[in-house]
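The next block holds one structure in the form of structure tokens; read it before the comments.
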Amino acid sequence: MNIRRHTLRAFLCLCSIAPSALGQQEEIVQLKAELAAIRTSLDSLRSLLRPQSFGNDPVELLEERLEQRLSQLEQKITAISSSTAPIVFNPRTTAFINMAARVDSRSVLDEEGATEISNRPFLRGLELDFRAAVDPYAEAVAIVALENEAGEGYAIEPEEVYGLIKRIPILESAPGGVKMKLGRFRAPFGVNNKLHLHDMPWVTRPLIVSKYLGTEHGDFFESGYNPVGLDMDFFLPSVIPGVTLEMNADIVGGGALGLARSSTSRPGFLGHITASRDWQNEHLLVAGLSGYTESGRDAPRLVGADVLYRWVPSERRASNSLVIGAEIFQGRTNLFDSSGSVTRSTVTGWYGYLQYQLSYAWYVGARYDWVEEPEAPSTVTRALSLYASYYTTEFLRIRAGIERRHSALPDPASLTTALFEVNFVFGSHPTEPYWVNR
Amino acid sequence: MKTSIIWFLLFVVPCALNAQTKLKVVTTLNYLKYIVEEVGGDRVEVIALANPKQDPHYVTPTPRMNEITHGADLFIENGLSLDLWAKNVLDASGNPRIQRGTPGHLVATSNVPLRELPSEISRSWGDIHPQGNPHCWLDPLNVQIIARNIGERLAEIDPHNAARYSEQTTAFVERISSLLFGERLLKTIGPKAGDILTRKVKSGTLFEWLRERNLLGLLDGWMAQAADHWGMKVVSYHKTYVYFASRFGLNIIGELEEKPGIPPPPQRRDAIVEQVVANQVRVILNYNFYSREAADYVASKTGARVVITYIDVGASEEIPTYEALISYLLRHIMNP
């Protein structure tokens with residue numbers, strides 16, 4: 001009789017909470033209290049079981065059913081606790097705050113030569129990254145940046161805003177696993193251009209990126225090439241076992257490349273092919289070739305090559321790692337003289353870098369830049385920078401460095417700059433791709 | 001004759017080829033690969049993306065992983081924000097069959113009862129997992145659930161071999177039960193022994209229940225090993241062994257990390273030294289992919305023993321299987 005009474009109580013409790021488990025967050029506490037009551041009933045039930053019974057005993061079977069039901073309800077509570085319907089469809093949001101300061105050995109103007117940027121702190125940018133699935137076929141990414149205009153206020157820029165088509169309804173599987181990106185994006189020309197300012201292992205952009213791909217205020221501020229267009233990313237068949245070949249083929253709006261001296265409405269064509277191999281996720285070697293062209297005889301042409309090697313040990317990865325990389329660009333520019341005639345010239349530039357992780361928190365590295373000036377192809381600017389980065393976690397980085405720059409251009413001839421940077425990241429923060437090296 | 005050959009080419013050859021085509025399964029972690037191999041048998045071809053020695057939180061997706069995943073029929077991840085990098089691989093794979101929301105994508109830990117669901121989600125708590133502690137496979141009872149999830153999904157995408165997957169899932173689940181409780185006890189209790197004992201373990205009444213029925217002497221396997229050391233106090237580097245400890249009666253009195261994912265600062269080490277001394281802890285669990293520095297410091301101040309542990313199948317030559325992983329942990333933690 002006692003068994004029946006306890007069983008009845010347990011079942012009544014279960015029946016009463018089943019619908020409420022589908023309710024709102026505030027019901028969870030009540031649900032948990034009711035579950036505790038059921039558990040008490042079950043314990044009482046157990047105490048009444050005959051000690052030698054197991055297997056097909058009806059009380060045992062009843063207990064099994066009650067346990068299963070309890071388990072289902074616990075899962076419902078877990079589901080309600082971990083997410084609530086109104087927020088789950090919101091985009092994942094991440095914010096990046098990047099602050100930097102510089103101390104210079106002499107007065108420095110920004111790229112446009114309009115504003116002095118030496119010996120000043122800057123809030124270089126605030127970047128908001130939103131991303132979410134649109135439907136089963138596509139995702140959308142919107143990265144909106146509040147960029148510093150060399151100390152003369154801020155501009156809101158759609159740094160990257162694109163839709164990513166992952167699947168076409170009429171195709172079971174796209175050939176070569178092609179993924180299409182449509183919108184404004186950082187073009188896959190080389191490696192560094194794909195990175196945002198806050199993701200770089202240095203305080204400043206490599207000179208070839210700012211001078212050849214594009215900049216408004218110079219390499220201390222956000223630079224690079226982010227046109228509007230279509231990017232198709234797909235695998236190529238590889239003849240070498242273990243080597244992955246991947247290609248990006250882009251059609252973009254022309255005229256936005258840094259080397260282009262005038263804006264045009266011609267389409268630009270960009271390609272980037274990479275060959276990569278990794279060994280047990282410890283050693284990664286990636287080599288790439290890039291090319292950009294526009295239609296028209298006076299259009300700029302740019303080719304590039306990049307290489308990246310990473311070593312991250314599987315065990316004790318938090319303690320040591322090594323990254324070595326280099327990129328070289330060669331561009332054909334069109335210089336207009338006073339009579340309006342075009343003179344074609346070729347410029348080349350490269351940079352190489354090395355970064356070593358000393359411990360969980362500390363990284364040190366060096367970068368060397370060598371670049372022929374697009375405005376004066378026979379003049380060369382060289383820069384050597386050394387830096388140290390300290391991470392409290394992956395979300396907060398403090399960096400200090402020193403750069404010695406020498407240019408054949410008359411102003412500035414040589415310059416020494418101490419650089420400081422603090423980077424805050426908050427929000428969902430998606431996993432970084434392999435070309436981000438803290 | 002010609003007609004026969006044409007019929008043969010049109011129907012028999014494709015059928016034969018189809019029958020021999022294995023399902024290509026890609027998993028994020030190696031323990032998932034092992035379970036898929038056990039449940040799928042010779043009908044599956046499985047590749048795990050992560051190196052089993054790596055910290056599963058911090059695997060860097062590479063182009064090779066993307067290319068491997070491009071050809072997969074089924075992609076299985078642990079989920080619970082552990083292998084977050086799986087999202088990058090899925091996006092870069094260009095494989096629409098395995099995207100989230102399709103039958104070709106499975107979060108293996110669905111329906112697993114979770115622990116440490118945070119009541120507050122903030123980065124100030126460190127690297128917390130919003131959906132609960134993700135290291136649930138270190139409880140063999142949870143691995144049984146995971147195996148059933150995998151078996152059901154294999155049957156769904158390859159219904160032709162559904163019966164075989166079901167059989168192999170049952171065999172794997174029974175083998176885990178046998179290793180947990182011992183063959184003799186299971187035979188004595190009868191056909192539903194695995195289910196009954198599992199319920200008793202989950203409700204924390206196993207030993208009492210067996211004692212009442214004079215069956216405690218028949219208990220063997222992992223639970224018997226654990227019974228001898230029930231309540232043993234340990235310190236752990238990270239909150240990795242929460243499920244393992246709960247199942248096998250370890251009492252984790254603290255973690256070297258003050259907050260998940262953040263290496264212990266010096267003052268934390270000293271605080272742990274005090275706890276170790278006060279609780280007479282003899283064992284410090286340090287995973288193969290974390291620095292030993294803090295554990296060695298605490299050990300040097302307290303005389304406790306540092307045990308290097310693993311969490312994935314294949315992380316060491318000694319642990320080629322899931323069963324070997326659990327045996328290894330029990331042996332090294334409880335029987336120095």
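Just remember, in the structure tokens the first chain shown is A, the second B, etc., residues are 1-based per chain, and ligands are 1-based in the order shown.
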Item to check | Shell around Ala72 of chain B at 10 Å using only C-alpha atoms, local window under 2 positions removed, as JSON, numbers by chain | outcome: {"B": [23, 24, 25, 26, 27, 45, 46, 47, 67, 68, 69, 70, 74, 75, 93, 95, 96, 97, 98, 104, 105]}
Report the closest atom pair, with its distance in Å rounded to one decimal, for each residue of chain B that has an atom no farther than 7 Å from chain A; count only C-alpha atoms, sort by chain and then rising residue number, and write it as CSV.
residue,atom,partner,partner_atom,distance
B:Asn51,CA,A:Gln280,CA,6.0
B:Lys53,CA,A:Ser314,CA,5.6
B:Gln54,CA,A:Ser314,CA,4.6
B:Thr60,CA,A:Tyr434,CA,5.8
B:Pro61,CA,A:Tyr434,CA,6.2
B:Thr62,CA,A:Tyr434,CA,6.1
B:Pro63,CA,A:Thr244,CA,6.4
B:Arg64,CA,A:Thr244,CA,5.7
B:Glu67,CA,A:Thr244,CA,6.9
B:His70,CA,A:Gly177,CA,6.6
B:Leu84,CA,A:Thr431,CA,6.7
B:Trp85,CA,A:Thr431,CA,5.7
B:Ser93,CA,A:Gly177,CA,6.5
B:Gly94,CA,A:Gly177,CA,4.0
B:Asn95,CA,A:Gly177,CA,5.9
B:Pro96,CA,A:Arg167,CA,5.5
B:Asn111,CA,A:Gln75,CA,6.8
B:Pro113,CA,A:Gln75,CA,6.5
B:Pro130,CA,A:Ser82,CA,6.6
B:Gln131,CA,A:Ser82,CA,5.5
B:Ile189,CA,A:Gly55,CA,6.6
B:Gly190,CA,A:Gly55,CA,6.5
B:Lys192,CA,A:Gly55,CA,6.2
B:Glu212,CA,A:Pro51,CA,5.6
B:Arg213,CA,A:Gln52,CA,5.2
B:Ile262,CA,A:Thr393,CA,6.9
B:Asn288,CA,A:Glu315,CA,6.0
B:Phe289,CA,A:Glu315,CA,4.0
B:Tyr290,CA,A:Arg316,CA,5.0
B:Ser291,CA,A:Arg316,CA,5.5
Item to check | All alpha helix (DSSP H) positions in segment 61-152 of chain B, as JSON, numbers by chain | outcome: {"B": [63, 64, 65, 66, 67, 68, 69, 70, 86, 87, 88, 89, 90, 91, 92, 93, 140, 141, 142, 143, 144, 145, 146, 147, 148, 149, 150, 151, 152]}
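Assigned to strand (DSSP E or B) in segment 43-204 of chain B, given DSSP computed from backbone atoms, are Val44, Glu45, Val46, Ile47, Ala48, Leu74, Phe75, Ile76, Glu77, His105, Leu106 and Val107 of chain B.
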Shell of 10 Å around Ala271 of chain B, only C-alpha atoms, local chain residues under 3 positions omitted, as a PDB file with N, CA, C and O atoms, in the first residue's frame:
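Output file part.pdb follows:
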ATOM      1  N   LEU B 256      44.228  23.531  -9.958  1.00  0.00           N
ATOM      2  CA  LEU B 256      45.385  24.433  -9.974  1.00  0.00           C
ATOM      3  C   LEU B 256      45.004  25.755 -10.629  1.00  0.00           C
ATOM      4  O   LEU B 256      45.439  26.821 -10.199  1.00  0.00           O
ATOM      5  N   GLU B 258      42.899  28.850 -11.163  1.00  0.00           N
ATOM      6  CA  GLU B 258      41.930  29.563 -10.338  1.00  0.00           C
ATOM      7  C   GLU B 258      40.628  29.713 -11.096  1.00  0.00           C
ATOM      8  O   GLU B 258      39.534  29.584 -10.549  1.00  0.00           O
ATOM      9  N   PRO B 266      51.252  32.710  -9.218  1.00  0.00           N
ATOM     10  CA  PRO B 266      51.984  32.213  -8.045  1.00  0.00           C
ATOM     11  C   PRO B 266      51.138  32.149  -6.771  1.00  0.00           C
ATOM     12  O   PRO B 266      51.218  31.183  -6.014  1.00  0.00           O
ATOM     13  N   GLN B 267      50.313  33.182  -6.524  1.00  0.00           N
ATOM     14  CA  GLN B 267      49.525  33.179  -5.289  1.00  0.00           C
ATOM     15  C   GLN B 267      48.516  32.030  -5.262  1.00  0.00           C
ATOM     16  O   GLN B 267      48.184  31.503  -4.204  1.00  0.00           O
ATOM     17  N   ARG B 268      48.052  31.619  -6.448  1.00  0.00           N
ATOM     18  CA  ARG B 268      47.117  30.502  -6.527  1.00  0.00           C
ATOM     19  C   ARG B 268      47.820  29.195  -6.123  1.00  0.00           C
ATOM     20  O   ARG B 268      47.261  28.348  -5.440  1.00  0.00           O
ATOM     21  N   GLU B 274      48.260  24.989   0.495  1.00  0.00           N
ATOM     22  CA  GLU B 274      47.559  24.953   1.791  1.00  0.00           C
ATOM     23  C   GLU B 274      46.410  23.943   1.764  1.00  0.00           C
ATOM     24  O   GLU B 274      46.223  23.173   2.696  1.00  0.00           O
ATOM     25  N   GLN B 275      45.678  23.961   0.679  1.00  0.00           N
ATOM     26  CA  GLN B 275      44.540  23.025   0.564  1.00  0.00           C
ATOM     27  C   GLN B 275      45.012  21.573   0.533  1.00  0.00           C
ATOM     28  O   GLN B 275      44.398  20.695   1.138  1.00  0.00           O
ATOM     29  N   VAL B 276      46.097  21.339  -0.203  1.00  0.00           N
ATOM     30  CA  VAL B 276      46.629  19.978  -0.326  1.00  0.00           C
ATOM     31  C   VAL B 276      47.063  19.463   1.038  1.00  0.00           C
ATOM     32  O   VAL B 276      46.772  18.324   1.424  1.00  0.00           O
ATOM     33  N   VAL B 298      53.610  22.538  -6.408  1.00  0.00           N
ATOM     34  CA  VAL B 298      52.757  22.081  -5.296  1.00  0.00           C
ATOM     35  C   VAL B 298      53.285  20.754  -4.743  1.00  0.00           C
ATOM     36  O   VAL B 298      53.352  20.551  -3.526  1.00  0.00           O
TER      37      VAL B 298
END
Checklist entry - So what do you get for atom CA of Ala315 of chain B versus atom CA of Leu329 of chain B, distance-wise? => result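 Result for atom CA of Ala315 of chain B versus atom CA of Leu329 of chain B: 12.5 Å, one decimal.
One distance worth recording is that between atom CA of Leu250 of chain B and atom CA of Gln225 of chain B, which is 11.9 Å.
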Item to check | Close residues, Pro140 of chain B itself excluded, 12 Å, only C-alpha atoms, min 2 positions apart in chain, as number ranges by chain | outcome: B: 31, 35, 112, 135-138, 142-147, 172-181, 198, 201-202, 222-223, 243-248, 322-327
Using only C-alpha atoms, determine which residues lie at most 9 Å from Thr309 of chain B, disregarding the query and same-chain residues fewer than 6 positions distant; provide the list as an mmCIF file with N, CA and C atoms, in the first residue's frame.
data_model
loop_
_atom_site.group_PDB
_atom_site.id
_atom_site.type_symbol
_atom_site.label_atom_id
_atom_site.label_comp_id
_atom_site.auth_asym_id
_atom_site.auth_seq_id
_atom_site.Cartn_x
_atom_site.Cartn_y
_atom_site.Cartn_z
ATOM 1 N N LEU B 285 46.557 15.743 -10.507
ATOM 2 C CA LEU B 285 46.375 15.331 -11.901
ATOM 3 C C LEU B 285 46.801 16.463 -12.825
ATOM 4 N N ASN B 286 47.761 16.175 -13.683
ATOM 5 C CA ASN B 286 48.242 17.187 -14.638
ATOM 6 C C ASN B 286 48.178 16.588 -16.037
ATOM 7 N N TYR B 287 47.486 17.258 -16.948
ATOM 8 C CA TYR B 287 47.290 16.679 -18.278
ATOM 9 C C TYR B 287 48.523 16.863 -19.125
ATOM 10 N N ASN B 288 48.648 15.978 -20.085
ATOM 11 C CA ASN B 288 49.860 15.963 -20.900
ATOM 12 C C ASN B 288 50.088 17.268 -21.647
ATOM 13 N N TYR B 328 43.696 3.069 -17.797
ATOM 14 C CA TYR B 328 44.942 3.791 -17.527
ATOM 15 C C TYR B 328 44.735 4.807 -16.400
ATOM 16 N N LEU B 329 43.640 5.566 -16.520
ATOM 17 C CA LEU B 329 43.383 6.612 -15.515
ATOM 18 C C LEU B 329 43.180 6.003 -14.135
ATOM 19 N N HIS B 332 46.584 4.554 -12.811
ATOM 20 C CA HIS B 332 47.618 5.512 -12.433
ATOM 21 C C HIS B 332 47.182 6.452 -11.316
ATOM 22 N N ILE B 333 45.892 6.728 -11.248
ATOM 23 C CA ILE B 333 45.434 7.641 -10.191
ATOM 24 C C ILE B 333 45.272 6.894 -8.872
#
Checklist entry - When you draw a straight line from atom CA of Thr293 of chain A to atom CA of Leu259 of chain A, how long is it in Å? => result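 We find that atom CA of Thr293 of chain A and atom CA of Leu259 of chain A lie 11.1 Å from each other.
Distances to Ile253 of chain B were evaluated for B:Thr302, B:Asn78, B:Ser236, B:Ser166 using only C-alpha atoms, and the minimum falls at B:Ser236.
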Item to check | Residue among A:Ala260, A:Ala287, A:Ala133, A:Val239 lying closest to Tyr212 of chain A, counting only C-alpha atoms | outcome: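 Nearest to Tyr212 of chain A: A:Ala260.
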Checklist entry - Within 6 Å of Val371 of chain A, counting only C-alpha atoms, which residues qualify if same-chain residues fewer than 6 places away don't, as a ChimeraX atom specification? => result /A:349,380-381
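For the set B:His238, B:Val39, B:His229, B:Ile311, the residue with the smallest atom-to-atom gap to Asn149 of chain B is B:Val39, counting only C-alpha atoms.
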